[in-house]
Structure formats: structure tokens, C-alpha cells
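Asks: My file is protein16.txt. It has compact mmCIF, C-alpha atoms and all ligand atoms:
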```
# COMPACT_ATOMS: atom_id res chain seq x y z
CA MET A 928 -7.02 -22.13 7.48
CA THR A 929 -8.90 -19.84 5.19
CA PHE A 930 -8.95 -16.09 4.98
CA ALA A 931 -12.02 -14.68 6.66
CA ARG A 932 -14.15 -13.12 3.96
CA LYS A 933 -15.45 -9.72 4.91
CA LYS A 934 -18.87 -8.40 4.21
CA ILE A 935 -18.80 -7.13 0.65
CA ALA A 936 -21.61 -4.69 1.20
CA ALA A 937 -19.76 -2.61 3.75
CA PHE A 938 -16.62 -2.39 1.65
CA ALA A 939 -18.56 -1.67 -1.52
CA ALA A 940 -20.42 1.14 0.21
CA VAL A 941 -17.14 2.77 1.21
CA ALA A 942 -15.76 2.28 -2.30
CA VAL A 943 -18.82 3.82 -3.91
CA ALA A 944 -18.82 6.72 -1.49
CA ALA A 945 -15.14 7.29 -2.24
CA ALA A 946 -15.80 7.20 -5.97
CA LEU A 947 -18.53 9.81 -5.58
CA VAL A 948 -16.52 12.08 -3.35
CA LEU A 949 -13.27 11.82 -5.23
CA SER A 950 -12.85 13.19 -8.68
CA GLY A 951 -10.03 14.37 -10.91
CA CYS A 952 -6.31 13.90 -10.43
CA ALA A 953 -4.22 14.67 -7.42
CA ASP A 954 -3.08 18.27 -7.25
CA THR A 955 0.57 19.09 -7.42
CA GLY A 956 0.30 22.50 -5.82
CA SER A 957 2.63 23.68 -3.09
CA GLY A 958 1.90 23.99 0.58
CA SER A 959 1.01 27.40 1.93
CA GLY A 960 3.71 27.31 4.62
CA GLY A 961 3.93 29.17 7.90
CA SER A 962 1.97 28.47 11.01
CA THR A 963 0.24 30.08 13.89
CA GLU A 964 0.74 28.53 17.28
CA GLY A 965 -2.61 27.53 18.71
CA GLU A 966 -3.69 26.51 22.17
CA GLY A 967 -1.89 23.52 23.67
CA GLY A 968 1.05 23.77 21.24
CA GLY A 969 -1.06 23.06 18.16
CA SER A 970 -0.90 24.99 14.92
CA ASP A 971 -3.36 26.02 12.23
CA ASN A 972 -0.96 25.24 9.36
CA LEU A 973 -3.08 22.66 7.55
CA SER A 974 -0.88 22.46 4.45
CA ILE A 975 -0.37 18.74 3.94
CA THR A 976 1.97 17.23 1.37
CA PHE A 977 1.66 13.61 0.26
CA LEU A 978 4.87 11.87 -0.86
CA PRO A 979 4.14 8.38 -2.22
CA LYS A 980 6.84 5.85 -3.15
CA ASN A 981 6.54 7.07 -6.73
CA LEU A 982 4.12 8.83 -9.04
CA GLY A 983 2.28 7.11 -11.88
CA ASN A 984 1.14 4.14 -9.78
CA PRO A 985 -2.70 3.85 -9.77
CA TYR A 986 -2.55 2.65 -6.15
CA PHE A 987 -1.02 5.94 -5.03
CA ASP A 988 -3.24 7.95 -7.38
CA THR A 989 -6.14 6.49 -5.41
CA SER A 990 -4.58 7.03 -1.97
CA SER A 991 -3.81 10.63 -2.91
CA LYS A 992 -7.40 11.15 -4.07
CA GLY A 993 -8.51 10.00 -0.63
CA GLY A 994 -6.00 12.33 1.02
CA LYS A 995 -7.10 15.25 -1.12
CA ALA A 996 -10.78 14.63 -0.33
CA ALA A 997 -9.99 14.69 3.39
CA VAL A 998 -7.87 17.84 3.21
CA GLU A 999 -10.59 19.63 1.23
CA GLU A 1000 -13.15 18.45 3.75
CA PHE A 1001 -11.31 20.11 6.62
CA GLY A 1002 -10.27 23.19 4.66
CA GLY A 1003 -6.51 22.59 4.38
CA THR A 1004 -4.13 22.78 1.42
CA PHE A 1005 -3.29 19.51 -0.33
CA ALA A 1006 -0.20 18.78 -2.42
CA GLU A 1007 1.25 15.62 -3.90
CA VAL A 1008 4.91 15.35 -4.90
CA GLY A 1009 7.15 12.39 -5.64
CA PRO A 1010 9.75 10.78 -7.83
CA ALA A 1011 9.15 8.77 -11.00
CA GLU A 1012 11.14 5.85 -9.62
CA ALA A 1013 10.50 4.15 -6.28
CA THR A 1014 13.94 4.78 -4.76
CA PRO A 1015 14.73 6.24 -1.31
CA ASP A 1016 17.34 8.68 -2.59
CA ALA A 1017 14.78 10.24 -4.87
CA GLN A 1018 12.42 10.89 -1.95
CA VAL A 1019 14.95 12.88 0.09
CA SER A 1020 14.89 16.02 -2.05
CA TYR A 1021 11.08 16.19 -1.83
CA ILE A 1022 11.28 15.95 1.96
CA ASN A 1023 13.86 18.75 2.08
CA THR A 1024 11.72 20.95 -0.14
CA ALA A 1025 8.66 20.38 2.05
CA THR A 1026 10.76 21.35 5.09
CA GLN A 1027 11.85 24.57 3.39
CA GLN A 1028 8.23 25.30 2.51
CA ALA A 1029 7.33 24.81 6.20
CA VAL A 1030 4.36 22.58 5.44
CA GLY A 1031 2.24 21.49 8.37
CA ALA A 1032 2.67 17.77 7.70
CA LEU A 1033 4.28 15.30 5.34
CA VAL A 1034 2.45 12.05 4.60
CA VAL A 1035 4.99 9.57 3.26
CA SER A 1036 5.13 6.00 1.94
CA ALA A 1037 8.77 5.05 2.50
CA ASN A 1038 10.93 3.32 -0.07
CA ASP A 1039 13.35 2.33 2.68
CA PRO A 1040 13.00 2.16 6.48
CA LYS A 1041 16.22 4.10 7.22
CA ALA A 1042 17.40 6.02 4.17
CA ILE A 1043 14.96 8.91 4.51
CA CYS A 1044 15.12 9.12 8.31
CA ASP A 1045 17.63 11.97 8.57
CA ALA A 1046 15.63 14.11 6.18
CA LEU A 1047 12.39 13.33 8.01
CA ASN A 1048 13.88 14.14 11.40
CA GLU A 1049 15.18 17.45 10.07
CA ALA A 1050 11.64 18.15 8.93
CA ARG A 1051 10.31 17.28 12.37
CA ASP A 1052 12.92 19.47 14.06
CA ALA A 1053 11.63 22.31 11.90
CA GLY A 1054 8.08 21.69 13.14
CA VAL A 1055 6.69 19.50 10.34
CA LYS A 1056 4.55 16.58 11.52
CA VAL A 1057 5.48 13.32 9.79
CA VAL A 1058 2.90 10.62 9.09
CA THR A 1059 3.98 7.48 7.27
CA PHE A 1060 1.34 5.43 5.51
CA ASP A 1061 1.43 2.23 3.46
CA SER A 1062 5.20 1.65 3.97
CA ASP A 1063 6.73 2.70 7.28
CA THR A 1064 10.12 4.08 8.28
CA ASN A 1065 11.76 3.16 11.53
CA PRO A 1066 9.43 4.45 14.26
CA GLU A 1067 11.91 7.07 15.51
CA CYS A 1068 11.64 9.10 12.33
CA ARG A 1069 7.89 9.69 12.18
CA ASP A 1070 5.04 10.68 14.49
CA LEU A 1071 2.53 8.09 13.28
CA PHE A 1072 2.26 5.17 10.87
CA ILE A 1073 -1.10 4.55 9.19
CA ASN A 1074 -1.08 0.82 8.55
CA GLN A 1075 -3.45 -0.45 5.87
CA ALA A 1076 -3.97 -3.80 7.62
CA ASP A 1077 -2.28 -6.04 10.10
CA SER A 1078 0.89 -7.48 8.45
CA GLU A 1079 0.15 -11.05 9.56
CA GLY A 1080 -3.28 -10.80 7.94
CA ILE A 1081 -1.82 -9.42 4.69
CA ALA A 1082 0.72 -12.26 4.58
CA LYS A 1083 -1.84 -14.90 5.42
CA VAL A 1084 -4.42 -13.93 2.83
CA GLN A 1085 -1.88 -14.10 0.01
CA VAL A 1086 -0.49 -17.48 1.06
CA ASP A 1087 -3.96 -18.94 1.57
CA LEU A 1088 -4.96 -17.69 -1.88
CA ILE A 1089 -2.00 -19.26 -3.66
CA ALA A 1090 -2.36 -22.49 -1.69
CA ASP A 1091 -5.99 -22.67 -2.73
CA GLN A 1092 -5.11 -21.98 -6.35
CA ILE A 1093 -2.30 -24.60 -6.67
CA GLY A 1094 -3.88 -27.36 -4.60
CA GLY A 1095 -1.67 -26.82 -1.56
CA ALA A 1096 1.59 -28.11 -3.08
CA GLY A 1097 4.37 -27.04 -5.42
CA GLU A 1098 6.90 -24.33 -6.23
CA VAL A 1099 5.95 -20.71 -5.72
CA ALA A 1100 7.94 -17.53 -6.39
CA ILE A 1101 7.48 -13.99 -5.11
CA LEU A 1102 7.59 -10.94 -7.37
CA SER A 1103 8.04 -7.97 -5.03
CA ALA A 1104 8.36 -4.20 -5.36
CA SER A 1105 11.74 -2.57 -4.61
CA ALA A 1106 14.26 -4.53 -2.56
CA ASN A 1107 14.20 -2.17 0.45
CA ALA A 1108 10.46 -1.54 0.65
CA THR A 1109 9.50 -1.78 4.33
CA ASN A 1110 5.99 -3.03 3.72
CA GLN A 1111 6.73 -5.76 1.16
CA ASN A 1112 9.75 -7.01 3.12
CA ALA A 1113 7.72 -7.38 6.29
CA TRP A 1114 4.95 -9.24 4.43
CA ILE A 1115 7.44 -11.53 2.65
CA ASP A 1116 9.10 -12.55 5.93
CA LEU A 1117 5.69 -13.35 7.40
CA MET A 1118 4.59 -15.23 4.25
CA LYS A 1119 7.67 -17.43 4.49
CA GLU A 1120 6.97 -18.16 8.16
CA TYR A 1121 3.33 -18.94 7.44
CA VAL A 1122 4.16 -21.25 4.53
CA ALA A 1123 6.69 -23.09 6.68
CA SER A 1124 4.19 -23.64 9.47
CA GLU A 1125 0.98 -24.28 7.49
CA TYR A 1126 1.91 -25.54 4.03
CA PRO A 1127 4.86 -27.97 4.18
CA ASP A 1128 4.30 -29.03 0.55
CA ILE A 1129 4.76 -25.52 -0.81
CA THR A 1130 8.30 -24.30 -1.51
CA ILE A 1131 9.11 -20.65 -2.08
CA VAL A 1132 11.89 -20.97 -4.64
CA GLU A 1133 12.87 -17.35 -5.28
CA THR A 1134 12.01 -13.71 -4.58
CA VAL A 1135 12.64 -11.17 -7.33
CA TYR A 1136 12.16 -7.40 -7.41
CA GLY A 1137 10.27 -5.49 -10.11
CA ASP A 1138 10.91 -2.12 -8.41
CA ASP A 1139 7.24 -1.17 -8.74
CA ASP A 1140 8.02 -0.54 -12.41
CA ASP A 1141 5.68 -2.17 -14.90
CA GLN A 1142 8.26 -3.22 -17.50
CA THR A 1143 10.79 -4.46 -14.95
CA SER A 1144 8.05 -6.49 -13.24
CA PHE A 1145 6.93 -7.93 -16.61
CA ASP A 1146 10.51 -8.93 -17.49
CA LYS A 1147 11.10 -10.46 -14.04
CA THR A 1148 7.96 -12.56 -14.48
CA ALA A 1149 9.26 -13.91 -17.78
CA ALA A 1150 12.63 -14.70 -16.21
CA LEU A 1151 11.04 -16.50 -13.24
CA LEU A 1152 8.95 -18.70 -15.50
CA GLN A 1153 11.97 -19.55 -17.57
CA SER A 1154 14.29 -20.39 -14.68
CA HIS A 1155 11.69 -22.43 -12.73
CA PRO A 1156 9.98 -24.79 -15.18
CA ASN A 1157 7.99 -26.42 -12.36
CA LEU A 1158 6.65 -23.16 -10.99
CA LYS A 1159 3.00 -23.47 -9.95
CA GLY A 1160 2.35 -19.94 -8.84
CA ILE A 1161 3.56 -16.38 -8.30
CA ILE A 1162 2.60 -14.20 -5.34
CA SER A 1163 3.10 -10.51 -6.06
CA PRO A 1164 2.53 -8.35 -2.95
CA THR A 1165 2.50 -5.18 -5.04
CA THR A 1166 -0.22 -3.76 -7.26
CA VAL A 1167 2.32 -2.95 -9.98
CA GLY A 1168 3.86 -6.42 -9.90
CA ILE A 1169 0.67 -8.47 -9.89
CA ALA A 1170 -0.77 -6.55 -12.86
CA ALA A 1171 2.45 -6.98 -14.89
CA ALA A 1172 2.70 -10.69 -14.00
CA ALA A 1173 -0.93 -11.28 -14.96
CA ARG A 1174 -0.43 -9.45 -18.25
CA TYR A 1175 2.57 -11.63 -19.08
CA VAL A 1176 0.83 -14.88 -18.20
CA SER A 1177 -2.45 -13.93 -19.90
CA THR A 1178 -0.88 -14.10 -23.37
CA SER A 1179 1.50 -16.99 -22.73
CA ASP A 1180 1.31 -20.76 -22.63
CA PHE A 1181 1.44 -20.50 -18.84
CA LYS A 1182 -2.14 -19.22 -18.69
CA GLY A 1183 -4.20 -21.67 -16.67
CA LYS A 1184 -1.03 -23.50 -15.54
CA VAL A 1185 0.66 -20.92 -13.33
CA ALA A 1186 -1.48 -19.14 -10.74
CA ILE A 1187 -1.00 -15.43 -10.10
CA THR A 1188 -2.15 -13.77 -6.89
CA GLY A 1189 -1.11 -11.14 -4.38
CA LEU A 1190 -2.19 -7.55 -3.86
CA GLY A 1191 -3.88 -5.72 -6.75
CA THR A 1192 -6.34 -2.98 -7.52
CA PRO A 1193 -9.67 -4.14 -8.98
CA ASN A 1194 -9.38 -1.82 -11.98
CA GLN A 1195 -5.92 -3.10 -12.93
CA MET A 1196 -6.86 -6.75 -12.39
CA ARG A 1197 -10.35 -6.82 -13.87
CA GLU A 1198 -9.40 -8.02 -17.35
CA TYR A 1199 -7.22 -10.82 -15.95
CA VAL A 1200 -10.00 -12.03 -13.68
CA GLU A 1201 -12.46 -11.87 -16.56
CA ASP A 1202 -10.14 -13.79 -18.94
CA GLY A 1203 -9.42 -16.45 -16.32
CA THR A 1204 -5.71 -15.67 -15.76
CA VAL A 1205 -6.37 -14.71 -12.13
CA THR A 1206 -8.86 -16.33 -9.76
CA ALA A 1207 -8.61 -14.10 -6.70
CA PHE A 1208 -6.36 -11.48 -5.09
CA ALA A 1209 -6.50 -9.10 -2.14
CA LEU A 1210 -6.13 -5.45 -1.12
CA TRP A 1211 -7.69 -2.74 1.04
CA ASN A 1212 -9.17 0.56 -0.13
CA PRO A 1213 -6.22 2.91 -0.89
CA ALA A 1214 -8.58 5.91 -0.90
CA ASP A 1215 -9.56 5.19 2.69
CA LEU A 1216 -5.88 4.84 3.59
CA GLY A 1217 -5.07 8.30 2.21
CA TYR A 1218 -8.19 9.79 3.80
CA LEU A 1219 -7.28 8.39 7.22
CA ALA A 1220 -3.64 9.53 6.90
CA ALA A 1221 -4.73 13.09 6.10
CA PHE A 1222 -7.03 13.25 9.13
CA ALA A 1223 -4.24 11.85 11.32
CA ALA A 1224 -1.93 14.60 10.01
CA LYS A 1225 -4.55 17.22 10.88
CA ALA A 1226 -4.92 15.86 14.42
CA LEU A 1227 -1.14 16.02 14.90
CA ILE A 1228 -0.85 19.54 13.45
CA GLU A 1229 -3.62 20.88 15.65
CA GLY A 1230 -2.12 19.27 18.74
CA GLU A 1231 -5.19 17.09 19.28
CA ILE A 1232 -2.88 14.05 19.43
CA THR A 1233 0.85 13.53 19.79
CA GLY A 1234 1.01 9.98 18.42
CA ALA A 1235 1.07 8.40 21.88
CA GLU A 1236 -0.61 5.05 22.41
CA GLY A 1237 -4.24 5.54 23.34
CA ASP A 1238 -4.63 8.91 21.56
CA THR A 1239 -7.93 9.08 19.69
CA PHE A 1240 -9.06 11.19 16.75
CA THR A 1241 -11.94 11.30 14.29
CA ALA A 1242 -11.23 10.68 10.61
CA GLY A 1243 -14.28 12.25 8.96
CA ASP A 1244 -16.67 9.68 7.51
CA LEU A 1245 -14.46 6.78 8.61
CA GLY A 1246 -15.13 7.54 12.26
CA GLU A 1247 -12.91 7.34 15.32
CA TYR A 1248 -9.46 5.75 15.46
CA THR A 1249 -7.13 5.00 18.34
CA VAL A 1250 -3.34 5.09 18.17
CA GLY A 1251 -1.90 1.69 19.05
CA ALA A 1252 1.54 0.60 20.22
CA ASP A 1253 4.56 2.15 18.45
CA GLY A 1254 2.46 4.97 17.03
CA VAL A 1255 0.52 2.75 14.62
CA VAL A 1256 -3.05 3.37 13.50
CA LEU A 1257 -4.75 0.44 11.78
CA LEU A 1258 -7.17 1.02 8.89
CA GLY A 1259 -8.83 -2.39 8.88
CA ASP A 1260 -8.67 -5.83 7.30
CA PRO A 1261 -7.53 -6.85 3.83
CA PHE A 1262 -10.30 -7.81 1.42
CA GLU A 1263 -10.45 -10.59 -1.17
CA PHE A 1264 -11.53 -9.82 -4.74
CA ASN A 1265 -12.71 -12.48 -7.19
CA ALA A 1266 -14.92 -12.94 -10.25
CA ASP A 1267 -18.07 -12.74 -8.13
CA ASN A 1268 -17.39 -9.35 -6.55
CA ILE A 1269 -14.90 -7.46 -8.73
CA GLY A 1270 -17.69 -5.78 -10.69
CA GLU A 1271 -18.69 -3.87 -7.56
CA PHE A 1272 -15.43 -1.96 -7.27
CA ASP A 1273 -14.03 0.97 -9.19
CA PHE A 1274 -10.53 1.97 -8.05
C1 LIG B 1301 2.21 -1.05 -4.62
C2 LIG B 1301 3.13 -0.36 -3.65
C3 LIG B 1301 2.46 -0.13 -2.31
C4 LIG B 1301 1.78 -1.39 -1.82
C5 LIG B 1301 0.82 -1.89 -2.84
C6 LIG B 1301 0.14 -3.18 -2.40
O1 LIG B 1301 1.28 -0.14 -5.13
O2 LIG B 1301 4.28 -1.14 -3.48
O3 LIG B 1301 3.44 0.27 -1.38
O4 LIG B 1301 1.14 -1.19 -0.59
O5 LIG B 1301 1.53 -2.15 -4.05
```
As C-alpha cells, how would this structure be written, given the file I've shared?

Replies:
Amino acid sequence: MTFARKKIAAFAAVAVAAALVLSGCADTGSGSGGSTEGEGGGSDNLSITFLPKNLGNPYFDTSSKGGKAAVEEFGGTFAEVGPAEATPDAQVSYINTATQQAVGALVVSANDPKAICDALNEARDAGVKVVTFDSDTNPECRDLFINQADSEGIAKVQVDLIADQIGGAGEVAILSASANATNQNAWIDLMKEYVASEYPDITIVETVYGDDDDQTSFDKTAALLQSHPNLKGIISPTTVGIAAAARYVSTSDFKGKVAITGLGTPNQMREYVEDGTVTAFALWNPADLGYLAAFAAKALIEGEITGAEGDTFTAGDLGEYTVGADGVVLLGDPFEFNADNIGEFDF
């Protein structure tokens, strides 16, 4: 089975539009706080704070740019806060601060499905709407989850890519983000299932965690290659991990012998595609993800939706979305990048 290639033109158009609309770095201002109760229980408190897994990750820089563009479009107040390290404990204090500031909504990528739940539910009790995006919590601690793409599809594209790149057989390892990350753990479980059912000659020998830290991911790549001399490929379902793994392999004797794929941003992966270290990888548009999450937050704040299945709202230029089961809104499909198309993308 091969990953269905999407129409490049449509994706490129969105990427170009995003690049035109979005400029500069994410703000780190504070929310304005306070709210006025509107009709139907809604509020006009459009102060929206983004809390990514960590700061300093180009993926989240791009999602926050998308969020900021949306918030500016609808006249709200945007802020981005977050820890340097992708750990759940570090996220809690930012949630508590946002609650004290009485922001209208928090838009969070969770480092752990449970660890930040109490803090998020305290925020919700205080009237803050909680939207998770990218990496979910347990459903009972948020109002909506904005899912970048269907998890089965994200798992499948990465396995199909590595299978293609190693000739369908051999040892493969996984270099993940942090050990408790909801999104990576879901994808890894599904990748293992998919390998077992579709690729009996591929063995996943080990999963290691680079904590979405560049140096840790680089060191874990070196260790994997040393402890598995027959390794044919590494799947890294994190933009930080795949870039660090490609950098390691690009200047080593493993270049051309060990395939690297997974989820990466075109700007971080370009040099490794151009130098032949990487053949193809996948992702979605993080700017669109942030943009959609901000519009979802607005719809919740204003009481236009509650997060119930079947609720619909309009996300600016992206158009109309419907809330699915378990309060999940789906952005779209993952997209494959390779030497032929990478030049068309700038994020
Ligand atoms: C990293 C983060 C993020 C994930 C991407 C693919 O930037 O772990 O959560 O969605 O990779």
C-alpha cells in the first residue's frame, strides 16, 4: 500500500498564503483578561494564549505564527508562553498563570495526556476555554482537540516511506520526542501495528526518546547506530528528532546506508534532501494548525460552539469545520515532501 499523494498545488497555495500573511516572531505579550457575558452564555474576551510543548522549536514557531495571524484577523489579543524543555511539569505554571490572568482561551500542545489535566480543569472552572492542538490531553480536560491529521494516516505514511526506502525488509528504530508525548505515543503504537500487519520483514528493534531537544536527539541517533549495526532505517515522528538524526547521518559513514524519515519541516530538512541523506518525509502545515486552533478557541469563547459533535464553525480562510466524535476537529491529511517538491515550501 502506498501513501496517497495529495495535490501539491493546493498545499503550496496554502503555504504561500501563510508565508505572505505571517511575518515576524510570535508575540509574548499577556492576555487582556476579564470578560463580558454575551448572548447565549458567550463572552467577548478574545485574549488567547498559546502554550506549545516548548519554545525554540521551529514547528511551534510556525504554528504560533498561524495562531497569531488568526487572532489578529478577528481582533483578539494573542500571546505565546511556554517552557524551554518539553516536560509536563513545566507547562503547569503557565496554565496557572493564564488562569489568574483570566484569558479567554488556552491553546495547548500537551507534553503528557494526564499530568496537566488538573491545572487545565481549574482553568476551565474559572471560565477559560481549553483547546488542545497537535498533542492532546485526555478528553475530559479540554473542550476541543485540533488534530493535525488522522493518526492512522500519520502512522501509515511514515511506515510506507521507510519501507520504500529500505526495500521492505530489515531493522528499523524509532527516535521519538519525549516519552509521555500523547501524539508520538499514539503514532508509534499504530506504526507498530501497521508494520506487523503489512511488512512482516521489517523489525522495529528499539524506540528511543530525544525529548524534542536537538542535542539529545543527535546523541540518541549516534547511540542507536552503534548498538544496532544492522540498522537499515530510523523513523523519527518529530520535527526536532528527524532533523537531528539527518544531521548526524549526513556527515557519517552511514550516509546512503541508513534511511532517515518521519515528520519534518521543509526548512529544517531541505539541506538533507539536497545532499541525499533523506529521500522523503511527511508533515502537515503547522501554520494552518495554529490558525484553525485559534478560530476554534474564538468559537468556544463566543459561545458559537460548545465542542459537541456536529458543532460547526468557520476558520477564516480555511473555511468551515465540523466537530467530530470526542470533541476532535481534523485539519486534513499529512503531506509527503521529497526532492521534487521541497523547493515549493517555506516553513
Ligand atoms: C515536534 C513536536 C510536535 C509534533 C511534530 C511532528 O515538533 O513533537 O508535537 O507534532 O514534531

Asks: With all atoms listed in the file as the counted atoms, please give the residues lying no more than 7 Å from region 1222-1227 of chain A, apart from itself and same-chain residues fewer than 6 positions off, as a list in words.

Replies: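 Skipping anything fewer than 6 positions along the chain leaves Leu973, Ala997, Ala1032, Lys1056, Val1058, Thr1233, Phe1240 and Ala1242 of chain A.
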
Asks: Please find the residues contacting ligand LIG 1301 (chain B) at a distance of at most 8 Å between atoms, with all atoms listed in the file counted, and report them as a list in words.

Replies: Lys980, Asn984, Pro985, Tyr986, Phe987, Ser1036, Asp1061, Ser1062, Gln1075, Ser1103, Ala1104, Ser1105, Ala1108, Asn1110, Gln1111, Asp1139, Pro1164, Thr1165, Thr1166, Val1167, Gly1168, Leu1190, Gly1191 and Leu1210 of chain A

Asks: Hey, which of A:Gly1251, A:Gly1137, A:Gly1234, A:Gly1094 ends up closest to Lys1184 (chain A)? Count all atoms listed in the file.

Replies: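 Selected residue with least distance to Lys1184 (chain A): A:Gly1094.
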
Asks: Could you jot down the CA of Pro1127 (chain A) to CA of Ala1113 (chain A) separation for me, Å, one decimal place?

Replies: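 Here the two named atoms are 20.9 Å from each other.
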
Asks: Enter the distance from CA of Ile1043 (chain A) to CA of Gly1230 (chain A), in Å, rounded to one decimal.

Replies: 24.5 Å

Asks: To one decimal place in Å, what is the distance between CA of Pro1040 (chain A) and CA of Gly1080 (chain A)?

Replies: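 Between CA of Pro1040 (chain A) and CA of Gly1080 (chain A) the gap works out to 20.9 Å.
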